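Notes follow the structure.
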Amino acid sequence: MTIVRVCRDYLFYNRWGFKRVNIYLNLLVVFLAVGLWHSIGWYWAIWGLLHGLGFCVFTWYRSNKDKFAKVQRIGSPRQRELLSRVTTYVFVCVVNYFAAKLALAVTYSKGAR
């Protein structure tokens with residue numbers, strides 16, 4: 001069984017004791033698990049949580065897209081596609097930077113005690 005199937009079947013579709021599925025909690029759990037799957041450490045845990053938060057925002061936007069109709073008419077479709085790619089790239093770079101800084105801060109705070 002691949003990690004994708006494990007995350008999908010056992011993490012994403014899990015209800016965690018709630019009566020209905022909370023998609024945002026499930027996304028955070030899946031992204032945290034994927035981060036920790038890379039390596040167990042503060043960097044990857046923070047990396048997974050930050051990417052999960054970003055994907056939760058994206059998921060919320062996609063489900064409420066009709067409220068942003070004016071934004072969707074700005075520029076041509078090609079310009080919007082380029083802007084979405086640049087925004088994604090910048091988001092990933094910023095998350096990697098902050099994950100490294102936060103992991104370093106947590107590591108030093110644990111060693112200072």
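Ordering of the structure tokens sets the chain letters (A, B, ...), residue numbers begin anew at 1 in every chain, and ligands are numbered from 1 in the order given.
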
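If you count only C-alpha atoms and ignore residues fewer than 3 places along the chain from A:Trp47, what sits within 7 Å of it is Gly35, Tyr43, Trp44, Leu50, His51, Val95, Asn96 and Ala99 of chain A.
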
Could the residues in this selection be saved with N, CA and C atoms as an mmCIF file, in the first residue's frame?
```cif
data_model
loop_
_atom_site.group_PDB
_atom_site.id
_atom_site.type_symbol
_atom_site.label_atom_id
_atom_site.label_comp_id
_atom_site.auth_asym_id
_atom_site.auth_seq_id
_atom_site.Cartn_x
_atom_site.Cartn_y
_atom_site.Cartn_z
ATOM 1 N N GLY A 35 4.494 15.390 5.987
ATOM 2 C CA GLY A 35 5.718 16.042 6.440
ATOM 3 C C GLY A 35 6.550 15.130 7.316
ATOM 4 N N TYR A 43 11.367 20.507 11.679
ATOM 5 C CA TYR A 43 11.250 21.157 10.367
ATOM 6 C C TYR A 43 10.105 20.555 9.570
ATOM 7 N N TRP A 44 10.073 19.228 9.475
ATOM 8 C CA TRP A 44 9.068 18.583 8.633
ATOM 9 C C TRP A 44 7.677 18.664 9.238
ATOM 10 N N LEU A 50 2.244 24.041 7.917
ATOM 11 C CA LEU A 50 2.118 25.280 7.138
ATOM 12 C C LEU A 50 1.566 25.009 5.742
ATOM 13 N N HIS A 51 2.029 23.945 5.100
ATOM 14 C CA HIS A 51 1.474 23.595 3.796
ATOM 15 C C HIS A 51 0.003 23.189 3.932
ATOM 16 N N VAL A 95 7.049 29.299 2.908
ATOM 17 C CA VAL A 95 6.794 28.244 3.893
ATOM 18 C C VAL A 95 8.085 27.506 4.227
ATOM 19 N N ASN A 96 8.887 27.189 3.234
ATOM 20 C CA ASN A 96 10.159 26.511 3.493
ATOM 21 C C ASN A 96 11.067 27.368 4.371
ATOM 22 N N ALA A 99 9.493 27.496 7.936
ATOM 23 C CA ALA A 99 9.610 26.193 8.588
ATOM 24 C C ALA A 99 11.025 25.992 9.115
#
```

List every residue of chain A that DSSP, applied to the backbone of this structure, assigns to alpha helix (DSSP H), and report them as a VMD selection string.
chain A and resid 3 to 6 23 to 38 42 to 63 69 to 72 77 to 111

What lies within 9 Å of A:Leu25 using only C-alpha atoms, ignoring chain neighbours under 3 positions off, as a PyMOL selection string?
chain A and resi 12+16+21-22+28-30+56

Set the distance at 10 Å and use only C-alpha atoms: which residues neighbour stretch 6-10 of chain A once local chain neighbours fewer than 5 positions away are removed? I'd like the list as a CSV table (one decimal) with C-alpha atoms, in the first residue's frame.
```
chain,number,residue,atom,x,y,z
A,1,MET,CA,0.0,0.0,0.0
A,15,ARG,CA,-14.0,11.5,11.0
A,26,ASN,CA,-8.4,16.1,7.8
A,27,LEU,CA,-6.2,18.1,5.4
A,29,VAL,CA,-3.6,15.8,9.6
A,30,VAL,CA,-2.7,14.5,6.1
A,31,PHE,CA,-0.2,17.2,5.5
A,33,ALA,CA,1.7,13.0,8.3
A,34,VAL,CA,3.3,13.6,4.9
```

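Take atom CA of A:Lys67 and atom CA of A:Ser84: the distance between them is 17.9 Å.
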
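The smallest atom-to-atom distance between A:Leu104 and any of A:Tyr13, A:Ile3, A:Trp42, A:Phe18, using only C-alpha atoms, is found for A:Trp42.
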